[in-house]
Amino acid sequence: MTYPAVRLLPSRRGCWSAMTLLRASALCLGIGAVLPVPDAQANAASGVLSVVAPWEVSSLDPARHGYVFTRLQIAETLVDADRAGALAPGLAERWQADAAGLAWTLTLRAGVVFHDGTPMTADAVVKALRIAAAKPGPLASVPLESIAADGPQTVVIRLKEPFSPLLATLAGTANQILAPASYAADGAVTQVIGTGPFRLEEVKPPQSLSAVRFDRYWGRPAGVEKLSYLAAGRGETRAMMAESGDADVVYTLDPASRQRLSRNPAVTVQALPLPRTVSVKVNSGDPVLSDVRVRRALAVAVDRGNIATGLLREPGSAAGQMFPPGTGDWTLADGLPLRADPAQASALLAEAGWTRGGDGLLVRDGQPLKLALRTFPDRPELPVIATALQAQWREIGVDVSVSVGNSGDVPAGHRDGTLQLALMARSFGLVPDPLVTALQDFGPGGGDWGAMNWSSPAMEQALTALKRGTDTAALPGLRQSVSKILLAEMPVIPVSWYQQTVAVSKQVTGLTLDPYERSYRLSEVSWVR
Amino acid sequence: MGPLIGSPLVRLLLARVGQGVLVALMVGLLTFILVRALPGDMAYRIAAGRYGFDWVSTTAADAVRHDLGLDQPAPLALLAWIWDLLRFDLGQSLVTGRTVAEELSHQFGQSVLLAAWAAGLSLLIGPPLGVLAGLRPGRLVDRGLLLVAVLMRSVPPFAIGAVLILVLAVQARLLPAAGYGTPAHAVLPALTLALCLAAVSARVSRDAVMTVSGSAYYGFGRTKGLGGSLLFWRHGLRNAAVPVLTYFGVQFVALVEGMVVIETLFAWPGIGHALVHAIVARDVPMIQGAALTMGLFVVAMNTVIDVVCHLLDPRGEPS
């Protein structure tokens with residue numbers, strides 16, 4: 001290494017600068033030692049509930065990151081979900097559909113005011129819903145005819161055809177009701193003026209926001225005065241914030257941290273299954289994968305039990321079917337075996353004409369069985385599970401290449417037909433009725449995040465009847481038949497289910513988890529005195 | 001005007017301004033070409049960034065394509081960016097819809113804050129230790145420092161940060177583990193970055209001090225009877241400072257690199273974090289804005305270092 005030439009300099013000034021520098025350093029260190037340090041005790045004393053989760057607040061728009069504002073109970077929807085996940089009155093107190101199921105009349109709760117003090121009127125609700133319907137989101141898939149106010153407290157939604165999950169769709173976080181002043185002329189959301197027990201005080205995209213108790217809330221007032229929310233992308237960071245007492249409530253723990261935190265005396269850990277399924281989307285139009293025997297062989301060759309215990313460290317998360325427990329009639333008594341069955345897989349592949357070549361890989365008519373699987377890193381376990389699947393399928397002679405890209409590559413590959421397999425984490429709880437997701441995913445031809453080039457007349461019939469929803473007695477049987485068809489035809493291969501996890505400081509009490517993760521229910525939380 | 005332009009300081013500043021303009025143009029052009037050259041459909045990437053992976057769909061991508069006019073020919077879009085830049089308009093984020101200037105002002109401010117803390121701390125740690133080692137080369141302090149420096153440089157900043165959180169936040173409860181907002185929040189991320197920087201600056205200082213203390217003028221000072229510390233303060237420090245500061249300028253690039261990782265670990269809303277997200281989401285105006293800001297920041301910091309070096313050693317380079 002070479003440095004610029006150094007020669008003797010006049011020295012007095014240099015001496016003075018060095019001393020100043022040293023004095024300045026000593027001063028800095030001194031300041032560092034007396035900095036204020038927040039911790040759980042301090043949080044309790046200051047009355048600020050510190051909440052940490054992975055979700056960034058990049059946008060105020062309900063269609064984009066609206067779930068953050070409903071989870072933090074700043075904004076609310078017309079229809080709510082209760083503890084069991086069943087639909088319950090929200091900002092709408094009651095509703096009524098006409099006999100044909102084409103006109104829904106919703107009566108708004110009286111006495112609700114927005115955070116800016118204006119009353120929640122039918123006109124305000126209509127404006128919010130019309131803006132939501134024009135953006136990508138659950139309302140866009142509803143066959144809407146019109147949304148109109150009928151008097152100050154009544155909203156009438158007219159449909160082109162019956163759509164039984166309308167109420168569940170209205171409970172979707174993208175359909176939150178904001179005050180008219182929240183929107184710019186073009187429908188862009190410029191501020192979040194909701195009706196919830198917490199009022200947004202300040203938002204600093206993309207990482208944090210703070211909210212305070214809204215004293216004119218229509219329901220039970222919040223137990224804490226103020227909350228701060230921080231988005232921390234890394235699981236290790238979140239876990240350490242729970243351990244150090246910096247955060248009172250920390251959502252989404254990685255398996256290793258969860259085990260460590262459950263031994264921590266200052267923290268309690270809660271978990272609840274979520275209706276989200278890690279599954280493999282299969283292109284049933286692919287020359288190889290169009291054979292249902294190949295799809296079934298891939299499905300039974302997956303060692304779900306091993307992935308659940310070894311990778312996810314949650315034995316209960318192995319998924320033998322698409323719909324997780326907690327989705328009621330959608331769940332079957334029996335699904336796929338949780339252990340791999342390579343013998344059955346090999347038998348199915350042999351039936352389909354695939355035989356093992358010299359290198360152990362399957363061959364048919366001189367062509368090797370090679371497949372490409374796409375996945376994305378937004379859920380950190382997906383790439384890991386993808387490599388586990390790659391190894392497990394290699395055992396039965398299937399050569400799968402894995403590419404980790406962007407989540408947008410999956411719908412893009414669906415559209416241009418280049419996709420063969422995709423590992424994804426599909427939620428059946430984006431609105432509190434799995435039917436809405438099922439309609440998108442398993443209708444004719446499939447959907448961006450569901451089946452691909454796959455159609456089943458029986459499935460179409462079942463989904464159409466469920467969508468009409470007129471024969472209520474038949475609904476449980478129809479839901480079961482949807483699950484049975486998926487199990488028999490394997491247009492998507494289930495791998496594992498998700499659990500929502502939270503670490504809660506023992507300084508706070510009253511926290512419960514929501515099976516649809518719509519709300520963090522922080523308004524029910526209070527400090528331990 | 002003539003003599004002023006001739007002065008080394010002005011020449012230096014003019015050169016740096018020219019460099020800044022060049023950086024701006026190169027950053028704009030390169031990010032533009034690179035993002036366009038990446039495989040995959042931009043509309044889907046942007047839709048994934050906007051709506052999240054639960055809601056990215058062909059409908060959403062088509063809406064994005066329509067909204068943003070992504071079918072516009074590439075050269076036209078580049079010219080539009082340069083024209084906007086000339087009017088100091090960085091455009092709007094394709095993902096959030098807010099202006100890039102708005103997004104960056106918050107995030108860049110946080111990054112500068114972190115960088116300043118880190119640079120300051122590294123100066124307090126690295127050079128003093130380097131001086132100690134350089135004054136007694138081959139002794140225990142020197143050897144020990146070599147070991148620690150190699151260790152700090154070879155362990156990734158992410159791991160150093162995690163260990164610091166475990167020790168100082170989780171175990172000792174002295175500092176907050178992550179987040180931002182109070183000065184205490186800046187200490188751990190800044191310390192992590194500072195340790196990585198100090199590992200190198202300590203070695204550079206040690207070598208500089210060794211060079212100085214082995215020089216003829218230093219020997220002369222000793223001969224004329226100056227004591228150890230007085231000799232160092234008068235003749236050693238300022239001479240050794242020039243290479244250390246020059247290297248410090250080079251380290252700003254490493255600092256910017258380290259910040260990308262550290263900001264994510266400490267949930268610090270900085271520009272490195274923003275840049276990574278923007279690249280994932282193909283948010284071209286944000287990538288251009290963030291890369292431009294970071295590029296100009298490095299040029300500006302190097303200018304400051306040059307000026308300080310010039311003041312420390314006004315004779316300039318020997319011709």
# chains A, B, ... in the order shown; residues from 1 in each chain; ligands from 1

$ residues_around --residues "B:Leu151" --least-positions-apart "6" --cutoff "12 Å" --atoms "only C-alpha atoms" --output "PyMOL selection string"
chain B and resi 144-145+157+159-160+195-196+198-200

$ write_last_selection --atoms "all heavy atoms" --output "PDB file, in the first residue's frame"
ATOM      1  N   GLY B 144      -2.507  -7.714  18.715  1.00  0.00           N
ATOM      2  CA  GLY B 144      -3.911  -7.894  19.119  1.00  0.00           C
ATOM      3  C   GLY B 144      -4.841  -7.143  18.176  1.00  0.00           C
ATOM      4  O   GLY B 144      -5.862  -7.660  17.716  1.00  0.00           O
ATOM      5  N   LEU B 145      -4.417  -5.917  17.840  1.00  0.00           N
ATOM      6  CA  LEU B 145      -5.246  -5.082  16.968  1.00  0.00           C
ATOM      7  C   LEU B 145      -5.365  -5.694  15.578  1.00  0.00           C
ATOM      8  O   LEU B 145      -6.437  -5.671  14.970  1.00  0.00           O
ATOM      9  CB  LEU B 145      -4.620  -3.690  16.876  1.00  0.00           C
ATOM     10  CG  LEU B 145      -5.552  -2.640  16.308  1.00  0.00           C
ATOM     11  CD1 LEU B 145      -6.704  -2.382  17.256  1.00  0.00           C
ATOM     12  CD2 LEU B 145      -4.803  -1.358  16.030  1.00  0.00           C
ATOM     13  N   PRO B 157     -21.109  -7.489   8.313  1.00  0.00           N
ATOM     14  CA  PRO B 157     -21.697  -6.484   9.213  1.00  0.00           C
ATOM     15  C   PRO B 157     -22.991  -6.970   9.858  1.00  0.00           C
ATOM     16  O   PRO B 157     -23.286  -6.653  11.009  1.00  0.00           O
ATOM     17  CB  PRO B 157     -21.982  -5.301   8.294  1.00  0.00           C
ATOM     18  CG  PRO B 157     -21.154  -5.515   7.084  1.00  0.00           C
ATOM     19  CD  PRO B 157     -20.848  -6.961   6.975  1.00  0.00           C
ATOM     20  N   ALA B 159     -23.747  -9.922  10.914  1.00  0.00           N
ATOM     21  CA  ALA B 159     -23.473 -10.745  12.098  1.00  0.00           C
ATOM     22  C   ALA B 159     -22.986  -9.883  13.251  1.00  0.00           C
ATOM     23  O   ALA B 159     -23.390 -10.067  14.404  1.00  0.00           O
ATOM     24  CB  ALA B 159     -22.446 -11.815  11.757  1.00  0.00           C
ATOM     25  N   ILE B 160     -22.120  -8.896  12.932  1.00  0.00           N
ATOM     26  CA  ILE B 160     -21.628  -8.008  14.001  1.00  0.00           C
ATOM     27  C   ILE B 160     -22.815  -7.288  14.636  1.00  0.00           C
ATOM     28  O   ILE B 160     -22.930  -7.201  15.859  1.00  0.00           O
ATOM     29  CB  ILE B 160     -20.624  -6.980  13.426  1.00  0.00           C
ATOM     30  CG1 ILE B 160     -19.408  -7.721  12.851  1.00  0.00           C
ATOM     31  CG2 ILE B 160     -20.198  -5.985  14.491  1.00  0.00           C
ATOM     32  CD1 ILE B 160     -18.388  -6.808  12.213  1.00  0.00           C
ATOM     33  N   LEU B 195     -17.484  -0.147  13.565  1.00  0.00           N
ATOM     34  CA  LEU B 195     -16.507  -1.208  13.822  1.00  0.00           C
ATOM     35  C   LEU B 195     -15.923  -1.737  12.512  1.00  0.00           C
ATOM     36  O   LEU B 195     -14.723  -1.991  12.414  1.00  0.00           O
ATOM     37  CB  LEU B 195     -17.152  -2.351  14.613  1.00  0.00           C
ATOM     38  CG  LEU B 195     -17.396  -2.051  16.097  1.00  0.00           C
ATOM     39  CD1 LEU B 195     -18.113  -3.208  16.766  1.00  0.00           C
ATOM     40  CD2 LEU B 195     -16.078  -1.753  16.803  1.00  0.00           C
ATOM     41  N   CYS B 196     -16.797  -1.878  11.492  1.00  0.00           N
ATOM     42  CA  CYS B 196     -16.310  -2.357  10.199  1.00  0.00           C
ATOM     43  C   CYS B 196     -15.340  -1.344   9.592  1.00  0.00           C
ATOM     44  O   CYS B 196     -14.318  -1.711   9.025  1.00  0.00           O
ATOM     45  CB  CYS B 196     -17.470  -2.582   9.239  1.00  0.00           C
ATOM     46  SG  CYS B 196     -18.669  -3.739   9.862  1.00  0.00           S
ATOM     47  N   ALA B 198     -13.662   1.026  11.284  1.00  0.00           N
ATOM     48  CA  ALA B 198     -12.504   1.224  12.155  1.00  0.00           C
ATOM     49  C   ALA B 198     -11.480   0.118  11.946  1.00  0.00           C
ATOM     50  O   ALA B 198     -10.276   0.335  12.091  1.00  0.00           O
ATOM     51  CB  ALA B 198     -12.944   1.283  13.612  1.00  0.00           C
ATOM     52  N   ALA B 199     -11.950  -1.087  11.601  1.00  0.00           N
ATOM     53  CA  ALA B 199     -11.039  -2.205  11.398  1.00  0.00           C
ATOM     54  C   ALA B 199      -9.985  -1.828  10.362  1.00  0.00           C
ATOM     55  O   ALA B 199      -8.803  -2.102  10.535  1.00  0.00           O
ATOM     56  CB  ALA B 199     -11.816  -3.434  10.940  1.00  0.00           C
ATOM     57  N   VAL B 200     -10.453  -1.155   9.288  1.00  0.00           N
ATOM     58  CA  VAL B 200      -9.508  -0.781   8.240  1.00  0.00           C
ATOM     59  C   VAL B 200      -8.766   0.489   8.609  1.00  0.00           C
ATOM     60  O   VAL B 200      -7.537   0.574   8.455  1.00  0.00           O
ATOM     61  CB  VAL B 200     -10.234  -0.614   6.898  1.00  0.00           C
ATOM     62  CG1 VAL B 200      -9.240  -0.287   5.800  1.00  0.00           C
ATOM     63  CG2 VAL B 200     -10.988  -1.886   6.559  1.00  0.00           C
TER      64      VAL B 200
END

$ residues_around --residues "stretch 242-250 of chain B" --least-positions-apart "5" --cutoff "12 Å" --atoms "only C-alpha atoms" --output "PyMOL selection string"
(chain A and resi 1-7+9+14) or (chain B and resi 118-120+122-123+126-128+130-131+194+197-209+211-212+236-237+255-256+297-314+316-317)

$ interface_residues --of "chain B" --to "chain A" --cutoff "7 Å" --atoms "only C-alpha atoms" --output "ChimeraX atom specification"
/B:40,44-45,48,50-51,53,55-60,96,124,169-170,173-179,183-184,217,233-235,238-239,243,264-267,269

$ residues_around --residues "A:Gly47" --least-positions-apart "6" --cutoff "9 Å" --atoms "only C-alpha atoms" --output "list in words"
Val224, Glu225, Lys226, Leu227 and Trp527 of chain A

$ atom_distance --atom1 "atom CA of B:Val155" --atom2 "atom CA of B:Thr192"
11.2 Å

$ atom_distance --atom1 "atom CA of B:Glu263" --atom2 "atom CA of A:Ser50"
19.5 Å

$ atom_distance --atom1 "atom CA of A:Pro325" --atom2 "atom CA of A:Leu513"
15.7 Å

$ closest_residue --among "A:Ala99, A:Leu382, A:Val294, A:Ala333" --to "A:Met490" --atoms "only C-alpha atoms"
A:Val294

$ residues_around --residues "A:Ala133" --least-positions-apart "2" --cutoff "12 Å" --atoms "only C-alpha atoms" --output "PyMOL selection string"
chain A and resi 62-63+126-131+135-147+157+169-170+172+174-176+187

$ residues_around --residues "B:Met26" --least-positions-apart "4" --cutoff "12 Å" --atoms "only C-alpha atoms" --output "PyMOL selection string"
chain B and resi 19-22+30-34+82+288+291-292+295-296

$ write_last_selection --atoms "N, CA, C and O atoms" --output "compact mmCIF listing (two decimals), in the first residue's frame"
# COMPACT_ATOMS: atom_id res chain seq x y z
N GLN B 19 -17.26 16.19 -11.78
CA GLN B 19 -17.46 14.78 -11.46
C GLN B 19 -18.91 14.52 -11.06
O GLN B 19 -19.51 13.52 -11.46
N GLY B 20 -19.48 15.45 -10.27
CA GLY B 20 -20.86 15.31 -9.81
C GLY B 20 -21.82 15.25 -11.00
O GLY B 20 -22.71 14.40 -11.05
N VAL B 21 -21.62 16.15 -11.97
CA VAL B 21 -22.49 16.17 -13.14
C VAL B 21 -22.37 14.85 -13.91
O VAL B 21 -23.36 14.25 -14.33
N LEU B 22 -21.13 14.39 -14.03
CA LEU B 22 -20.88 13.14 -14.75
C LEU B 22 -21.55 11.97 -14.04
O LEU B 22 -22.19 11.12 -14.67
N LEU B 30 -27.24 4.53 -16.67
CA LEU B 30 -26.99 3.13 -16.33
C LEU B 30 -28.20 2.47 -15.67
O LEU B 30 -28.60 1.38 -16.05
N THR B 31 -28.80 3.16 -14.67
CA THR B 31 -29.96 2.54 -14.01
C THR B 31 -31.06 2.33 -15.04
O THR B 31 -31.71 1.30 -15.05
N PHE B 32 -31.21 3.30 -15.91
CA PHE B 32 -32.26 3.19 -16.93
C PHE B 32 -32.04 1.96 -17.81
O PHE B 32 -32.93 1.12 -17.97
N ILE B 33 -30.81 1.83 -18.33
CA ILE B 33 -30.51 0.70 -19.22
C ILE B 33 -30.62 -0.62 -18.46
O ILE B 33 -31.23 -1.58 -18.94
N LEU B 34 -30.04 -0.65 -17.26
CA LEU B 34 -30.02 -1.91 -16.49
C LEU B 34 -31.43 -2.37 -16.16
O LEU B 34 -31.76 -3.54 -16.31
N ILE B 82 -34.19 13.06 -17.97
CA ILE B 82 -33.11 14.06 -17.96
C ILE B 82 -33.70 15.47 -17.92
O ILE B 82 -33.23 16.33 -17.18
N GLN B 288 -33.42 5.58 -9.74
CA GLN B 288 -32.61 6.69 -10.25
C GLN B 288 -32.37 7.74 -9.18
O GLN B 288 -31.24 8.18 -8.98
N ALA B 291 -30.04 6.21 -6.35
CA ALA B 291 -28.66 6.02 -6.82
C ALA B 291 -27.99 7.37 -7.05
O ALA B 291 -26.82 7.57 -6.71
N LEU B 292 -28.76 8.31 -7.60
CA LEU B 292 -28.22 9.64 -7.85
C LEU B 292 -27.81 10.31 -6.53
O LEU B 292 -26.72 10.86 -6.40
N GLY B 295 -24.77 8.59 -5.14
CA GLY B 295 -23.59 8.92 -5.93
C GLY B 295 -23.09 10.31 -5.61
O GLY B 295 -21.89 10.53 -5.35
N LEU B 296 -24.02 11.27 -5.57
CA LEU B 296 -23.63 12.65 -5.29
C LEU B 296 -23.13 12.80 -3.86
O LEU B 296 -22.22 13.59 -3.58

$ residues_around --residues "A:Val363" --least-positions-apart "5" --cutoff "12 Å" --atoms "only C-alpha atoms" --output "list in words"
Val288, Leu349, Ala350, Ala352, Gly353, Trp354, Thr355, Arg356, Gly357, Gly358, Pro368, Leu369, Lys370, Ile396, Gly397, Val398 and Asp399 of chain A

$ write_last_selection --atoms "N, CA and C atoms" --output "JSON list (two decimals), in the first residue's frame"
[["chain", "number", "residue", "atom", "x", "y", "z"],
["A", 288, "VAL", "N", -46.29, -32.64, -19.94],
["A", 288, "VAL", "CA", -45.99, -33.64, -18.90],
["A", 288, "VAL", "C", -47.03, -33.60, -17.79],
["A", 349, "LEU", "N", -46.05, -42.90, -11.79],
["A", 349, "LEU", "CA", -45.23, -42.42, -12.91],
["A", 349, "LEU", "C", -45.00, -43.53, -13.93],
["A", 350, "ALA", "N", -44.82, -44.76, -13.43],
["A", 350, "ALA", "CA", -44.63, -45.90, -14.33],
["A", 350, "ALA", "C", -45.89, -46.11, -15.17],
["A", 352, "ALA", "N", -47.86, -43.85, -16.06],
["A", 352, "ALA", "CA", -47.91, -42.76, -17.04],
["A", 352, "ALA", "C", -46.83, -42.91, -18.10],
["A", 353, "GLY", "N", -46.04, -43.99, -18.01],
["A", 353, "GLY", "CA", -45.07, -44.27, -19.07],
["A", 353, "GLY", "C", -43.65, -43.80, -18.78],
["A", 354, "TRP", "N", -43.39, -43.34, -17.55],
["A", 354, "TRP", "CA", -42.05, -42.85, -17.21],
["A", 354, "TRP", "C", -41.25, -43.97, -16.56],
["A", 355, "THR", "N", -40.03, -44.21, -17.07],
["A", 355, "THR", "CA", -39.17, -45.24, -16.48],
["A", 355, "THR", "C", -37.84, -44.62, -16.09],
["A", 356, "ARG", "N", -37.19, -45.24, -15.10],
["A", 356, "ARG", "CA", -35.91, -44.71, -14.62],
["A", 356, "ARG", "C", -34.82, -44.95, -15.64],
["A", 357, "GLY", "N", -34.04, -43.92, -15.94],
["A", 357, "GLY", "CA", -32.90, -44.07, -16.85],
["A", 357, "GLY", "C", -31.66, -44.46, -16.06],
["A", 358, "GLY", "N", -30.51, -44.49, -16.75],
["A", 358, "GLY", "CA", -29.26, -44.91, -16.11],
["A", 358, "GLY", "C", -28.87, -44.01, -14.95],
["A", 368, "PRO", "N", -36.15, -36.76, -20.86],
["A", 368, "PRO", "CA", -36.11, -36.79, -19.39],
["A", 368, "PRO", "C", -37.26, -35.99, -18.78],
["A", 369, "LEU", "N", -37.62, -36.33, -17.53],
["A", 369, "LEU", "CA", -38.70, -35.59, -16.85],
["A", 369, "LEU", "C", -38.08, -34.39, -16.14],
["A", 370, "LYS", "N", -38.03, -33.29, -16.86],
["A", 370, "LYS", "CA", -37.43, -32.07, -16.30],
["A", 370, "LYS", "C", -38.52, -31.01, -16.12],
["A", 396, "ILE", "N", -37.65, -39.45, -6.53],
["A", 396, "ILE", "CA", -38.48, -40.30, -7.41],
["A", 396, "ILE", "C", -38.07, -40.11, -8.88],
["A", 397, "GLY", "N", -36.94, -39.45, -9.10],
["A", 397, "GLY", "CA", -36.40, -39.36, -10.45],
["A", 397, "GLY", "C", -36.86, -38.16, -11.26],
["A", 398, "VAL", "N", -37.47, -37.16, -10.58],
["A", 398, "VAL", "CA", -37.92, -35.96, -11.30],
["A", 398, "VAL", "C", -36.88, -34.85, -11.10],
["A", 399, "ASP", "N", -36.42, -34.29, -12.20],
["A", 399, "ASP", "CA", -35.38, -33.26, -12.15],
["A", 399, "ASP", "C", -36.05, -31.89, -12.20]]

$ residues_around --residues "A:Leu423" --least-positions-apart "2" --cutoff "12 Å" --atoms "only C-alpha atoms" --output "count of residues only"
45

$ select_by_dssp --residues "stretch 10-203 of chain A" --states "alpha helix (DSSP H)" --output "number ranges by chain"
A: 12-33, 40-46, 62-71, 122-133, 166-170

$ write_last_selection --atoms "C-alpha atoms" --output "PDB file, in the first residue's frame"
ATOM      1  CA  ARG A  12       1.966  24.214  16.592  1.00  0.00           C
ATOM      2  CA  ARG A  13      -1.342  24.436  14.743  1.00  0.00           C
ATOM      3  CA  GLY A  14      -1.420  20.652  14.257  1.00  0.00           C
ATOM      4  CA  CYS A  15      -0.944  20.151  17.968  1.00  0.00           C
ATOM      5  CA  TRP A  16      -3.869  22.412  18.786  1.00  0.00           C
ATOM      6  CA  SER A  17      -6.179  20.650  16.294  1.00  0.00           C
ATOM      7  CA  ALA A  18      -5.327  17.264  17.746  1.00  0.00           C
ATOM      8  CA  MET A  19      -6.191  18.360  21.262  1.00  0.00           C
ATOM      9  CA  THR A  20      -9.474  19.867  20.078  1.00  0.00           C
ATOM     10  CA  LEU A  21     -10.286  16.642  18.328  1.00  0.00           C
ATOM     11  CA  LEU A  22      -9.633  14.640  21.478  1.00  0.00           C
ATOM     12  CA  ARG A  23     -11.722  16.989  23.591  1.00  0.00           C
ATOM     13  CA  ALA A  24     -14.554  16.767  21.083  1.00  0.00           C
ATOM     14  CA  SER A  25     -14.361  12.963  21.148  1.00  0.00           C
ATOM     15  CA  ALA A  26     -14.541  12.850  24.917  1.00  0.00           C
ATOM     16  CA  LEU A  27     -17.592  15.102  24.785  1.00  0.00           C
ATOM     17  CA  CYS A  28     -19.308  12.849  22.225  1.00  0.00           C
ATOM     18  CA  LEU A  29     -18.686   9.740  24.300  1.00  0.00           C
ATOM     19  CA  GLY A  30     -20.049  11.507  27.345  1.00  0.00           C
ATOM     20  CA  ILE A  31     -23.246  12.383  25.475  1.00  0.00           C
ATOM     21  CA  GLY A  32     -23.555   8.783  24.287  1.00  0.00           C
ATOM     22  CA  ALA A  33     -23.565   7.513  27.856  1.00  0.00           C
ATOM     23  CA  ALA A  40     -40.952  -2.082  28.177  1.00  0.00           C
ATOM     24  CA  GLN A  41     -41.162  -0.408  31.585  1.00  0.00           C
ATOM     25  CA  ALA A  42     -40.706   2.937  29.904  1.00  0.00           C
ATOM     26  CA  ASN A  43     -43.341   2.034  27.301  1.00  0.00           C
ATOM     27  CA  ALA A  44     -45.849   1.271  30.061  1.00  0.00           C
ATOM     28  CA  ALA A  45     -45.021   4.446  31.920  1.00  0.00           C
ATOM     29  CA  SER A  46     -45.315   6.624  28.821  1.00  0.00           C
ATOM     30  CA  PRO A  62     -56.484   0.872   1.217  1.00  0.00           C
ATOM     31  CA  ALA A  63     -56.059  -1.025  -2.071  1.00  0.00           C
ATOM     32  CA  ARG A  64     -52.300  -1.211  -1.494  1.00  0.00           C
ATOM     33  CA  HIS A  65     -51.344  -1.475   2.173  1.00  0.00           C
ATOM     34  CA  GLY A  66     -54.770  -0.937   3.704  1.00  0.00           C
ATOM     35  CA  TYR A  67     -54.444  -4.030   5.852  1.00  0.00           C
ATOM     36  CA  VAL A  68     -52.008  -2.178   8.092  1.00  0.00           C
ATOM     37  CA  PHE A  69     -54.678   0.404   8.929  1.00  0.00           C
ATOM     38  CA  THR A  70     -57.400  -2.159   9.640  1.00  0.00           C
ATOM     39  CA  ARG A  71     -55.035  -4.345  11.670  1.00  0.00           C
ATOM     40  CA  ALA A 122     -74.428   6.844   3.479  1.00  0.00           C
ATOM     41  CA  ASP A 123     -72.938   9.281   0.941  1.00  0.00           C
ATOM     42  CA  ALA A 124     -69.490   8.962   2.529  1.00  0.00           C
ATOM     43  CA  VAL A 125     -69.742   5.163   2.489  1.00  0.00           C
ATOM     44  CA  VAL A 126     -70.856   5.127  -1.148  1.00  0.00           C
ATOM     45  CA  LYS A 127     -67.913   7.325  -2.123  1.00  0.00           C
ATOM     46  CA  ALA A 128     -65.419   5.067  -0.332  1.00  0.00           C
ATOM     47  CA  LEU A 129     -66.856   1.898  -1.892  1.00  0.00           C
ATOM     48  CA  ARG A 130     -67.022   3.331  -5.409  1.00  0.00           C
ATOM     49  CA  ILE A 131     -63.362   4.358  -5.215  1.00  0.00           C
ATOM     50  CA  ALA A 132     -62.427   0.893  -3.881  1.00  0.00           C
ATOM     51  CA  ALA A 133     -64.366  -0.844  -6.671  1.00  0.00           C
ATOM     52  CA  LEU A 166     -70.683 -10.044  -1.058  1.00  0.00           C
ATOM     53  CA  LEU A 167     -70.692  -9.404   2.705  1.00  0.00           C
ATOM     54  CA  ALA A 168     -67.357 -11.180   3.155  1.00  0.00           C
ATOM     55  CA  THR A 169     -65.968  -9.056   0.314  1.00  0.00           C
ATOM     56  CA  LEU A 170     -67.139  -5.902   2.092  1.00  0.00           C
TER      57      LEU A 170
END

$ closest_residue --among "B:Glu103, B:His277, B:Gln72, B:Met210" --to "B:Phe232" --atoms "only C-alpha atoms"
B:Met210
